[in-house]
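Structure file entry.pdb with PDB, C-alpha atoms:
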MODEL        1
ATOM      1  CA  PHE I1021     255.100-100.194  31.575  1.00  0.00           C
ATOM      2  CA  LEU I1022     252.703-100.223  34.449  1.00  0.00           C
ATOM      3  CA  THR I1023     252.550-103.140  36.785  1.00  0.00           C
ATOM      4  CA  PHE I1024     249.187-103.767  38.335  1.00  0.00           C
ATOM      5  CA  ALA I1025     249.112-103.855  42.092  1.00  0.00           C
ATOM      6  CA  PRO I1026     247.327-106.883  43.489  1.00  0.00           C
ATOM      7  CA  ARG I1027     243.845-106.111  44.681  1.00  0.00           C
ATOM      8  CA  ILE I1028     243.704-105.707  48.382  1.00  0.00           C
ATOM      9  CA  SER I1029     240.794-107.640  49.796  1.00  0.00           C
ATOM     10  CA  PHE I1030     240.214-105.818  53.009  1.00  0.00           C
ATOM     11  CA  ALA I1031     240.479-102.216  53.929  1.00  0.00           C
ATOM     12  CA  ALA I1032     243.753-101.143  55.400  1.00  0.00           C
ATOM     13  CA  THR I1033     242.872 -98.761  58.146  1.00  0.00           C
ATOM     14  CA  ALA I1034     241.120 -99.272  61.456  1.00  0.00           C
ATOM     15  CA  GLU I1035     238.865 -96.285  60.833  1.00  0.00           C
ATOM     16  CA  THR I1036     237.659 -97.753  57.545  1.00  0.00           C
ATOM     17  CA  ASP I1037     237.079-101.140  59.192  1.00  0.00           C
ATOM     18  CA  ALA I1038     235.072 -99.451  61.927  1.00  0.00           C
ATOM     19  CA  ALA I1039     232.952 -97.618  59.345  1.00  0.00           C
ATOM     20  CA  ILE I1040     232.262-100.907  57.514  1.00  0.00           C
ATOM     21  CA  LYS I1041     231.311-102.661  60.767  1.00  0.00           C
ATOM     22  CA  ALA I1042     229.001 -99.798  61.750  1.00  0.00           C
ATOM     23  CA  PHE I1043     227.314-100.044  58.355  1.00  0.00           C
ATOM     24  CA  THR I1044     226.932-103.839  58.296  1.00  0.00           C
ATOM     25  CA  GLY I1045     226.073-104.183  61.969  1.00  0.00           C
ATOM     26  CA  GLY I1046     229.279-106.079  62.760  1.00  0.00           C
ATOM     27  CA  ALA I1047     229.191-108.557  59.873  1.00  0.00           C
ATOM     28  CA  THR I1048     232.153-109.020  57.534  1.00  0.00           C
ATOM     29  CA  PRO I1049     230.954-108.438  53.954  1.00  0.00           C
ATOM     30  CA  THR I1050     231.437-111.095  51.284  1.00  0.00           C
ATOM     31  CA  GLU I1051     233.459-110.275  48.167  1.00  0.00           C
ATOM     32  CA  GLY I1052     231.505-109.987  44.936  1.00  0.00           C
ATOM     33  CA  THR I1053     228.013-108.966  43.769  1.00  0.00           C
ATOM     34  CA  VAL I1054     228.932-105.294  44.122  1.00  0.00           C
ATOM     35  CA  SER I1055     231.432-103.809  41.712  1.00  0.00           C
ATOM     36  CA  LEU I1056     233.220-100.499  41.761  1.00  0.00           C
ATOM     37  CA  ASP I1057     234.113 -98.652  38.606  1.00  0.00           C
ATOM     38  CA  THR I1058     237.063 -96.368  39.268  1.00  0.00           C
ATOM     39  CA  PRO I1059     239.901 -95.121  37.093  1.00  0.00           C
ATOM     40  CA  GLU I1060     243.254 -96.902  37.495  1.00  0.00           C
ATOM     41  CA  ILE I1061     244.957 -93.540  37.665  1.00  0.00           C
ATOM     42  CA  ALA I1062     243.374 -90.240  38.607  1.00  0.00           C
ATOM     43  CA  GLU I1063     245.343 -87.215  37.515  1.00  0.00           C
ATOM     44  CA  ASN I1064     243.219 -84.827  39.508  1.00  0.00           C
ATOM     45  CA  GLY I1065     242.357 -86.024  43.001  1.00  0.00           C
ATOM     46  CA  ASN I1066     239.768 -83.264  43.310  1.00  0.00           C
ATOM     47  CA  THR I1067     237.291 -84.933  41.027  1.00  0.00           C
ATOM     48  CA  VAL I1068     237.576 -88.667  40.534  1.00  0.00           C
ATOM     49  CA  PRO I1069     234.643 -90.384  38.815  1.00  0.00           C
ATOM     50  CA  VAL I1070     233.374 -93.351  40.808  1.00  0.00           C
ATOM     51  CA  GLY I1071     230.602 -95.706  39.776  1.00  0.00           C
ATOM     52  CA  VAL I1072     229.067 -98.575  41.675  1.00  0.00           C
ATOM     53  CA  THR I1073     226.844-101.374  40.386  1.00  0.00           C
ATOM     54  CA  VAL I1074     225.188-104.100  42.419  1.00  0.00           C
ATOM     55  CA  ASP I1075     223.917-107.283  40.835  1.00  0.00           C
ATOM     56  CA  SER I1076     220.323-107.401  42.082  1.00  0.00           C
ATOM     57  CA  PRO I1077     216.879-107.894  40.521  1.00  0.00           C
ATOM     58  CA  MET I1078     215.635-104.745  42.338  1.00  0.00           C
ATOM     59  CA  THR I1079     212.127-106.076  42.956  1.00  0.00           C
ATOM     60  CA  PRO I1080     210.111-105.277  46.120  1.00  0.00           C
ATOM     61  CA  ASP I1081     211.190-108.709  47.480  1.00  0.00           C
ATOM     62  CA  SER I1082     214.863-108.495  46.666  1.00  0.00           C
ATOM     63  CA  TYR I1083     216.674-105.216  46.348  1.00  0.00           C
ATOM     64  CA  VAL I1084     219.747-103.328  47.480  1.00  0.00           C
ATOM     65  CA  GLU I1085     219.016-101.017  50.394  1.00  0.00           C
ATOM     66  CA  SER I1086     222.181 -98.997  50.473  1.00  0.00           C
ATOM     67  CA  VAL I1087     225.765 -98.764  49.325  1.00  0.00           C
ATOM     68  CA  LEU I1088     228.472 -97.169  51.429  1.00  0.00           C
ATOM     69  CA  ILE I1089     231.481 -95.648  49.666  1.00  0.00           C
ATOM     70  CA  LEU I1090     234.709 -95.195  51.621  1.00  0.00           C
ATOM     71  CA  ALA I1091     238.180 -93.907  50.766  1.00  0.00           C
ATOM     72  CA  ASP I1092     240.678 -95.280  53.278  1.00  0.00           C
ATOM     73  CA  GLY I1093     243.444 -92.733  52.669  1.00  0.00           C
ATOM     74  CA  ASN I1094     241.381 -89.587  53.092  1.00  0.00           C
ATOM     75  CA  PRO I1095     241.449 -87.527  56.310  1.00  0.00           C
ATOM     76  CA  SER I1096     238.000 -88.991  56.967  1.00  0.00           C
ATOM     77  CA  PRO I1097     237.125 -92.218  55.111  1.00  0.00           C
ATOM     78  CA  ALA I1098     233.406 -91.517  54.621  1.00  0.00           C
ATOM     79  CA  VAL I1099     232.535 -90.461  51.074  1.00  0.00           C
ATOM     80  CA  ALA I1100     228.845 -91.087  50.467  1.00  0.00           C
ATOM     81  CA  THR I1101     226.006 -93.496  51.127  1.00  0.00           C
ATOM     82  CA  PHE I1102     223.530 -94.285  48.362  1.00  0.00           C
ATOM     83  CA  HIS I1103     220.035 -95.454  49.284  1.00  0.00           C
ATOM     84  CA  PHE I1104     218.072 -97.414  46.701  1.00  0.00           C
ATOM     85  CA  THR I1105     214.473 -98.598  46.570  1.00  0.00           C
ATOM     86  CA  ALA I1106     212.632-101.079  44.363  1.00  0.00           C
ATOM     87  CA  MET I1107     211.703 -98.030  42.248  1.00  0.00           C
ATOM     88  CA  SER I1108     215.358 -97.454  41.389  1.00  0.00           C
ATOM     89  CA  GLY I1109     215.029-100.189  38.758  1.00  0.00           C
ATOM     90  CA  ALA I1110     218.768-100.869  38.793  1.00  0.00           C
ATOM     91  CA  ALA I1111     221.229-100.597  41.664  1.00  0.00           C
ATOM     92  CA  GLU I1112     223.768 -98.351  40.044  1.00  0.00           C
ATOM     93  CA  ALA I1113     225.005 -94.869  40.784  1.00  0.00           C
ATOM     94  CA  LYS I1114     227.854 -92.627  39.742  1.00  0.00           C
ATOM     95  CA  THR I1115     229.347 -89.589  41.370  1.00  0.00           C
ATOM     96  CA  ARG I1116     232.625 -87.679  41.599  1.00  0.00           C
ATOM     97  CA  ILE I1117     234.773 -87.768  44.694  1.00  0.00           C
ATOM     98  CA  ARG I1118     237.905 -86.278  46.240  1.00  0.00           C
ATOM     99  CA  LEU I1119     240.934 -88.451  46.919  1.00  0.00           C
ATOM    100  CA  ALA I1120     243.778 -86.974  48.952  1.00  0.00           C
ATOM    101  CA  LYS I1121     246.391 -89.487  47.709  1.00  0.00           C
ATOM    102  CA  THR I1122     246.784 -92.943  46.168  1.00  0.00           C
ATOM    103  CA  GLN I1123     244.505 -95.225  48.148  1.00  0.00           C
ATOM    104  CA  ASN I1124     241.788 -97.852  48.164  1.00  0.00           C
ATOM    105  CA  VAL I1125     238.189 -97.007  47.443  1.00  0.00           C
ATOM    106  CA  VAL I1126     235.750 -99.396  49.097  1.00  0.00           C
ATOM    107  CA  ALA I1127     232.086-100.052  48.318  1.00  0.00           C
ATOM    108  CA  VAL I1128     229.901-102.005  50.730  1.00  0.00           C
ATOM    109  CA  ALA I1129     226.394-103.018  49.654  1.00  0.00           C
ATOM    110  CA  LYS I1130     223.600-103.975  52.024  1.00  0.00           C
ATOM    111  CA  MET I1131     220.661-106.018  50.700  1.00  0.00           C
ATOM    112  CA  ASN I1132     217.133-105.896  52.066  1.00  0.00           C
ATOM    113  CA  ASP I1133     217.667-109.365  53.609  1.00  0.00           C
ATOM    114  CA  GLY I1134     220.644-108.021  55.578  1.00  0.00           C
ATOM    115  CA  SER I1135     223.432-109.709  53.595  1.00  0.00           C
ATOM    116  CA  THR I1136     226.426-107.519  52.788  1.00  0.00           C
ATOM    117  CA  PHE I1137     228.957-107.481  49.969  1.00  0.00           C
ATOM    118  CA  MET I1138     232.033-105.434  49.228  1.00  0.00           C
ATOM    119  CA  ASP I1139     234.514-104.467  46.537  1.00  0.00           C
ATOM    120  CA  THR I1140     237.836-102.651  46.805  1.00  0.00           C
ATOM    121  CA  LYS I1141     239.739-100.833  44.070  1.00  0.00           C
ATOM    122  CA  GLU I1142     243.018 -99.003  44.264  1.00  0.00           C
ATOM    123  CA  VAL I1143     243.172 -95.593  42.612  1.00  0.00           C
ATOM    124  CA  LYS I1144     246.551 -94.008  41.927  1.00  0.00           C
ATOM    125  CA  VAL I1145     246.401 -90.275  42.353  1.00  0.00           C
ATOM    126  CA  THR I1146     249.040 -88.272  40.493  1.00  0.00           C
ATOM    127  CA  ILE I1147     249.622 -84.620  41.131  1.00  0.00           C
ATOM    128  CA  GLY I1148     251.564 -83.729  38.009  1.00  0.00           C
ATOM    129  CA  GLY I1149     250.050 -84.355  34.607  1.00  0.00           C
ATOM    130  CA  CYS I1150     252.314 -87.223  33.596  1.00  0.00           C
ATOM    131  CA  GLY I1151     249.466 -88.709  31.590  1.00  0.00           C
ATOM    132  CA  GLY I1152     250.021 -92.234  32.968  1.00  0.00           C
TER     133      GLY I1152
ATOM    134  CA  MET W 293     228.371 -66.974  46.635  1.00  0.00           C
ATOM    135  CA  ALA W 294     225.813 -67.291  43.906  1.00  0.00           C
ATOM    136  CA  ALA W 295     222.782 -69.391  44.796  1.00  0.00           C
ATOM    137  CA  PRO W 296     223.397 -73.043  43.919  1.00  0.00           C
ATOM    138  CA  LYS W 297     221.868 -73.863  40.579  1.00  0.00           C
ATOM    139  CA  PRO W 298     220.528 -77.387  40.146  1.00  0.00           C
ATOM    140  CA  ARG W 299     220.748 -79.020  36.732  1.00  0.00           C
ATOM    141  CA  VAL W 300     218.932 -82.235  35.955  1.00  0.00           C
ATOM    142  CA  LYS W 301     218.782 -84.438  32.884  1.00  0.00           C
ATOM    143  CA  VAL W 302     215.731 -86.704  32.619  1.00  0.00           C
ATOM    144  CA  PRO W 303     214.356 -88.181  29.379  1.00  0.00           C
ATOM    145  CA  LYS W 304     211.091 -86.475  28.324  1.00  0.00           C
ATOM    146  CA  LYS W 305     209.391 -89.783  27.693  1.00  0.00           C
ATOM    147  CA  ALA W 306     209.885 -93.450  28.404  1.00  0.00           C
ATOM    148  CA  SER W 307     208.085 -96.674  27.655  1.00  0.00           C
ATOM    149  CA  GLN W 308     206.210 -98.260  30.522  1.00  0.00           C
ATOM    150  CA  GLY W 309     208.469-100.162  32.905  1.00  0.00           C
ATOM    151  CA  GLU W 310     211.623 -98.752  31.338  1.00  0.00           C
ATOM    152  CA  VAL W 311     214.640 -98.135  33.544  1.00  0.00           C
ATOM    153  CA  ILE W 312     215.922 -94.664  32.739  1.00  0.00           C
ATOM    154  CA  THR W 313     219.143 -92.928  33.707  1.00  0.00           C
ATOM    155  CA  ILE W 314     218.948 -89.616  35.517  1.00  0.00           C
ATOM    156  CA  LYS W 315     221.891 -87.232  35.769  1.00  0.00           C
ATOM    157  CA  THR W 316     222.006 -84.368  38.235  1.00  0.00           C
ATOM    158  CA  LEU W 317     224.491 -81.658  39.089  1.00  0.00           C
ATOM    159  CA  ILE W 318     224.292 -78.717  41.436  1.00  0.00           C
ATOM    160  CA  SER W 319     226.748 -75.842  41.586  1.00  0.00           C
ATOM    161  CA  HIS W 320     228.115 -75.802  45.129  1.00  0.00           C
ATOM    162  CA  PRO W 321     231.661 -75.385  46.526  1.00  0.00           C
ATOM    163  CA  MET W 322     231.337 -78.358  48.954  1.00  0.00           C
ATOM    164  CA  GLU W 323     233.707 -76.648  51.400  1.00  0.00           C
ATOM    165  CA  SER W 324     235.222 -79.589  53.263  1.00  0.00           C
ATOM    166  CA  GLY W 325     236.028 -77.875  56.559  1.00  0.00           C
ATOM    167  CA  GLN W 326     239.649 -78.971  56.232  1.00  0.00           C
ATOM    168  CA  ARG W 327     241.025 -76.134  54.124  1.00  0.00           C
ATOM    169  CA  LYS W 328     242.740 -73.161  55.706  1.00  0.00           C
ATOM    170  CA  ASP W 329     242.220 -69.568  54.720  1.00  0.00           C
ATOM    171  CA  LYS W 330     245.493 -68.563  53.040  1.00  0.00           C
ATOM    172  CA  LYS W 331     245.485 -65.074  54.613  1.00  0.00           C
ATOM    173  CA  THR W 332     244.373 -65.747  58.179  1.00  0.00           C
ATOM    174  CA  GLY W 333     245.498 -69.365  58.538  1.00  0.00           C
ATOM    175  CA  GLU W 334     242.144 -70.260  60.054  1.00  0.00           C
ATOM    176  CA  LEU W 335     240.049 -73.221  59.002  1.00  0.00           C
ATOM    177  CA  ILE W 336     237.257 -72.403  56.594  1.00  0.00           C
ATOM    178  CA  PRO W 337     234.069 -73.802  58.144  1.00  0.00           C
ATOM    179  CA  ARG W 338     232.493 -76.841  56.524  1.00  0.00           C
ATOM    180  CA  LYS W 339     229.611 -76.127  54.174  1.00  0.00           C
ATOM    181  CA  ILE W 340     228.458 -78.967  51.968  1.00  0.00           C
ATOM    182  CA  ILE W 341     225.329 -80.472  50.495  1.00  0.00           C
ATOM    183  CA  ASN W 342     224.783 -83.310  52.958  1.00  0.00           C
ATOM    184  CA  LYS W 343     221.712 -84.953  51.484  1.00  0.00           C
ATOM    185  CA  PHE W 344     220.227 -85.490  48.059  1.00  0.00           C
ATOM    186  CA  SER W 345     217.009 -87.242  47.200  1.00  0.00           C
ATOM    187  CA  CYS W 346     214.872 -87.990  44.178  1.00  0.00           C
ATOM    188  CA  GLU W 347     211.157 -88.724  44.445  1.00  0.00           C
ATOM    189  CA  PHE W 348     208.762 -89.833  41.746  1.00  0.00           C
ATOM    190  CA  ASN W 349     205.084 -89.009  42.369  1.00  0.00           C
ATOM    191  CA  GLY W 350     205.845 -88.694  46.073  1.00  0.00           C
ATOM    192  CA  GLN W 351     207.771 -91.968  46.449  1.00  0.00           C
ATOM    193  CA  VAL W 352     211.501 -92.013  47.070  1.00  0.00           C
ATOM    194  CA  VAL W 353     213.448 -93.477  44.151  1.00  0.00           C
ATOM    195  CA  PHE W 354     217.004 -92.750  45.231  1.00  0.00           C
ATOM    196  CA  SER W 355     218.670 -90.792  47.980  1.00  0.00           C
ATOM    197  CA  CYS W 356     222.207 -90.175  49.073  1.00  0.00           C
ATOM    198  CA  ASP W 357     224.058 -88.976  52.168  1.00  0.00           C
ATOM    199  CA  LEU W 358     227.095 -86.957  51.180  1.00  0.00           C
ATOM    200  CA  ASP W 359     230.315 -86.397  53.101  1.00  0.00           C
ATOM    201  CA  PRO W 360     233.012 -83.779  52.492  1.00  0.00           C
ATOM    202  CA  ALA W 361     234.873 -86.196  50.177  1.00  0.00           C
ATOM    203  CA  VAL W 362     232.319 -85.579  47.423  1.00  0.00           C
ATOM    204  CA  SER W 363     233.704 -83.187  44.803  1.00  0.00           C
ATOM    205  CA  ALA W 364     232.601 -79.596  44.382  1.00  0.00           C
ATOM    206  CA  ASN W 365     229.508 -79.246  42.200  1.00  0.00           C
ATOM    207  CA  PRO W 366     228.252 -82.680  43.304  1.00  0.00           C
ATOM    208  CA  TYR W 367     227.246 -84.908  40.396  1.00  0.00           C
ATOM    209  CA  MET W 368     224.886 -87.849  40.766  1.00  0.00           C
ATOM    210  CA  GLU W 369     223.888 -90.378  38.172  1.00  0.00           C
ATOM    211  CA  PHE W 370     221.363 -93.098  39.006  1.00  0.00           C
ATOM    212  CA  SER W 371     218.452 -95.104  37.606  1.00  0.00           C
ATOM    213  CA  ALA W 372     214.705 -95.023  37.999  1.00  0.00           C
ATOM    214  CA  LYS W 373     212.015 -97.396  36.843  1.00  0.00           C
ATOM    215  CA  VAL W 374     209.104 -95.596  35.217  1.00  0.00           C
ATOM    216  CA  ASN W 375     205.719 -97.342  35.399  1.00  0.00           C
ATOM    217  CA  GLU W 376     203.468 -94.298  34.931  1.00  0.00           C
ATOM    218  CA  PRO W 377     203.671 -90.684  33.805  1.00  0.00           C
ATOM    219  CA  GLY W 378     204.520 -88.255  36.552  1.00  0.00           C
ATOM    220  CA  THR W 379     206.961 -85.848  38.096  1.00  0.00           C
ATOM    221  CA  PHE W 380     210.426 -86.355  39.458  1.00  0.00           C
ATOM    222  CA  LYS W 381     211.246 -84.086  42.359  1.00  0.00           C
ATOM    223  CA  PHE W 382     214.900 -83.496  43.245  1.00  0.00           C
ATOM    224  CA  THR W 383     215.970 -82.099  46.598  1.00  0.00           C
ATOM    225  CA  TRP W 384     219.392 -81.034  47.863  1.00  0.00           C
ATOM    226  CA  VAL W 385     219.919 -80.148  51.535  1.00  0.00           C
ATOM    227  CA  ASP W 386     222.716 -77.760  52.520  1.00  0.00           C
ATOM    228  CA  ASP W 387     224.606 -77.756  55.854  1.00  0.00           C
ATOM    229  CA  ASP W 388     223.092 -74.339  56.617  1.00  0.00           C
ATOM    230  CA  GLY W 389     219.594 -75.786  56.290  1.00  0.00           C
ATOM    231  CA  SER W 390     218.875 -74.373  52.836  1.00  0.00           C
ATOM    232  CA  VAL W 391     216.931 -76.663  50.545  1.00  0.00           C
ATOM    233  CA  TYR W 392     217.289 -76.513  46.776  1.00  0.00           C
ATOM    234  CA  GLU W 393     214.610 -78.136  44.647  1.00  0.00           C
ATOM    235  CA  THR W 394     213.745 -78.761  41.049  1.00  0.00           C
ATOM    236  CA  GLU W 395     211.199 -80.891  39.207  1.00  0.00           C
ATOM    237  CA  LYS W 396     210.994 -82.698  35.857  1.00  0.00           C
ATOM    238  CA  LYS W 397     207.991 -84.280  34.190  1.00  0.00           C
ATOM    239  CA  ILE W 398     208.028 -87.505  32.228  1.00  0.00           C
ATOM    240  CA  THR W 399     205.391 -88.993  29.927  1.00  0.00           C
ATOM    241  CA  ILE W 400     204.785 -92.571  28.849  1.00  0.00           C
ATOM    242  CA  GLU W 401     204.830 -93.266  25.132  1.00  0.00           C
TER     243      GLU W 401
ENDMDL
END
File written out as structure tokens:
Amino acid sequence: FLTFAPRISFAATAETDAAIKAFTGGATPTEGTVSLDTPEIAENGNTVPVGVTVDSPMTPDSYVESVLILADGNPSPAVATFHFTAMSGAAEAKTRIRLAKTQNVVAVAKMNDGSTFMDTKEVKVTIGGCGG
Amino acid sequence: MAAPKPRVKVPKKASQGEVITIKTLISHPMESGQRKDKKTGELIPRKIINKFSCEFNGQVVFSCDLDPAVSANPYMEFSAKVNEPGTFKFTWVDDDGSVYETEKKITIE
């Protein structure tokens, strides 16, 4: 049976930390509000579905400006940055990404008032098709 | 390489103020710049879509900066709030400066 690894609160590598700091302007993001939707196990690291949702009313007064997606075990941690507007209606986006190996995927959300939030999920990347 | 072909899924109609889901995909190899040519051993130069944006009646709804870690044939799914009939315009920007565009109309029921 699978044992679930404890969730790791903060990104492991210095490069990832630096990317988060550059995005937030030096602030340390708070846990929560943003949530990542990733598979527990990805059989094919070439195309891993990743979804991100931020709890926000998305009105002109209060909305999510952008969400940074990082993968701390890739040769370069940057994956993508989503930019939302009040016209997005909901702060959610999905894409497919490449993961070089088992690692943490990090999402950092920046609100229009400057507050920042983050979520981290571990994705196990298998090379063979063991089926989990 | 065949010209990248954008594919977009937008509902044909929505009720006023409805938040709809838009799905997009464009055929593109998203060459990461980290792979080596098997014959020559040289790095294959990076060539990816680095920017995607969606506008509705001229206003930006959603945009995205992409890095080489996005899979080949980049897929994007996101939401848009529809308050009026109009046209969604989708734009992808390639590393070589090429711009790929497509449009979809939506009506209010």
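Residue neighbourhood of stretch 1038-1040 of chain I, excluding near-sequence residues (fewer than 3 positions): Thr1033, Ala1034, Glu1035, Phe1043, Thr1044, Gly1045, Gly1046, Ala1047, Thr1048, Pro1049, Leu1088, Leu1090, Pro1097, Ala1098 and Val1128 of chain I, at 9 Å, using all atoms listed in the file.
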Would you mind exporting C-alpha atoms of the selected residues as a CSV table (one decimal), keeping the file's coordinate frame?
chain,number,residue,atom,x,y,z
I,1033,THR,CA,242.9,-98.8,58.1
I,1034,ALA,CA,241.1,-99.3,61.5
I,1035,GLU,CA,238.9,-96.3,60.8
I,1043,PHE,CA,227.3,-100.0,58.4
I,1044,THR,CA,226.9,-103.8,58.3
I,1045,GLY,CA,226.1,-104.2,62.0
I,1046,GLY,CA,229.3,-106.1,62.8
I,1047,ALA,CA,229.2,-108.6,59.9
I,1048,THR,CA,232.2,-109.0,57.5
I,1049,PRO,CA,231.0,-108.4,54.0
I,1088,LEU,CA,228.5,-97.2,51.4
I,1090,LEU,CA,234.7,-95.2,51.6
I,1097,PRO,CA,237.1,-92.2,55.1
I,1098,ALA,CA,233.4,-91.5,54.6
I,1128,VAL,CA,229.9,-102.0,50.7
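In this structure, atom CA of W:Val300 sits 11.5 Å away from atom CA of W:Phe370.
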Task: Residue IDs satisfying the PyMOL selection byres ((chain W and resi 324-338) around 9), as number ranges by chain - done: I: 1095; W: 321-323, 339-340, 359-362, 387
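Once the ChimeraX specification (/I :<7) & /W is applied to this file, the selection holds Val311, Val353, Phe354, Ser355, Cys356, Asp357, Leu358, Asp359, Pro360, Ala361, Val362, Ser363, Pro366, Tyr367, Met368, Glu369, Phe370, Ser371, Ala372 and Lys373 of chain W.
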Just-selected residues, C-alpha atoms written as an mmCIF file, in the frame of the given file:
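This is the output file out20.cif:
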data_model
loop_
_atom_site.group_PDB
_atom_site.id
_atom_site.type_symbol
_atom_site.label_atom_id
_atom_site.label_comp_id
_atom_site.auth_asym_id
_atom_site.auth_seq_id
_atom_site.Cartn_x
_atom_site.Cartn_y
_atom_site.Cartn_z
ATOM 1 C CA VAL W 311 214.640 -98.135 33.544
ATOM 2 C CA VAL W 353 213.448 -93.477 44.151
ATOM 3 C CA PHE W 354 217.004 -92.750 45.231
ATOM 4 C CA SER W 355 218.670 -90.792 47.980
ATOM 5 C CA CYS W 356 222.207 -90.175 49.073
ATOM 6 C CA ASP W 357 224.058 -88.976 52.168
ATOM 7 C CA LEU W 358 227.095 -86.957 51.180
ATOM 8 C CA ASP W 359 230.315 -86.397 53.101
ATOM 9 C CA PRO W 360 233.012 -83.779 52.492
ATOM 10 C CA ALA W 361 234.873 -86.196 50.177
ATOM 11 C CA VAL W 362 232.319 -85.579 47.423
ATOM 12 C CA SER W 363 233.704 -83.187 44.803
ATOM 13 C CA PRO W 366 228.252 -82.680 43.304
ATOM 14 C CA TYR W 367 227.246 -84.908 40.396
ATOM 15 C CA MET W 368 224.886 -87.849 40.766
ATOM 16 C CA GLU W 369 223.888 -90.378 38.172
ATOM 17 C CA PHE W 370 221.363 -93.098 39.006
ATOM 18 C CA SER W 371 218.452 -95.104 37.606
ATOM 19 C CA ALA W 372 214.705 -95.023 37.999
ATOM 20 C CA LYS W 373 212.015 -97.396 36.843
#
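Residue nearest W:Gly389 within the list W:Ser319, W:Gln351, W:Thr313, W:Asn342: W:Asn342 [criterion: smallest interatomic distance, only C-alpha atoms].
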- [ ] Just give me the gap between atom CA of W:Pro303 and atom CA of W:Ile398 in Å, one decimal is fine.
- [x] 7.0 Å
Open item on the list: To test your reading of the syntax: which residues would the PyMOL selection byres ((chain I and resi 1122-1127) around 9) return for the file shown? Reply as number ranges by chain.
Closed with: I: 1028, 1030-1032, 1036, 1054-1056, 1058, 1061-1062, 1065, 1070, 1072, 1087-1094, 1119-1121, 1128-1129, 1137-1146
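For the pair atom CA of W:Glu401 and atom CA of W:Lys301, the interatomic distance is 18.2 Å.
Closest approach to W:Glu395 among W:Pro296, W:Cys346, W:Asn375, W:Ala306 is made by W:Cys346 (distances from all atoms listed in the file).
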Draw an axis-aligned box tight on the listed atoms of stretch 1125-1140 of chain I, then pad every side by 6 Å and write out centre and edge lengths in Å to one decimal as lines of an AutoDock Vina configuration file.
center_x = 227.7
center_y = -103.4
center_z = 51.1
size_x = 33.1
size_y = 24.7
size_z = 21.0
Open item on the list: Residues near W:Val385, anyone? I mean within 8 Å using all atoms listed in the file, not counting same-chain ones fewer than 6 positions away, as a ChimeraX atom specification.
Closed with: /W:341-344,391-392
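Those residues that approach W:Thr379 to within 9 Å, counting only C-alpha atoms, are Glu347, Phe348, Asn349, Gly350, Glu395, Lys396, Lys397, Ile398 and Thr399 of chain W; same-chain residues fewer than 6 positions away are not listed.
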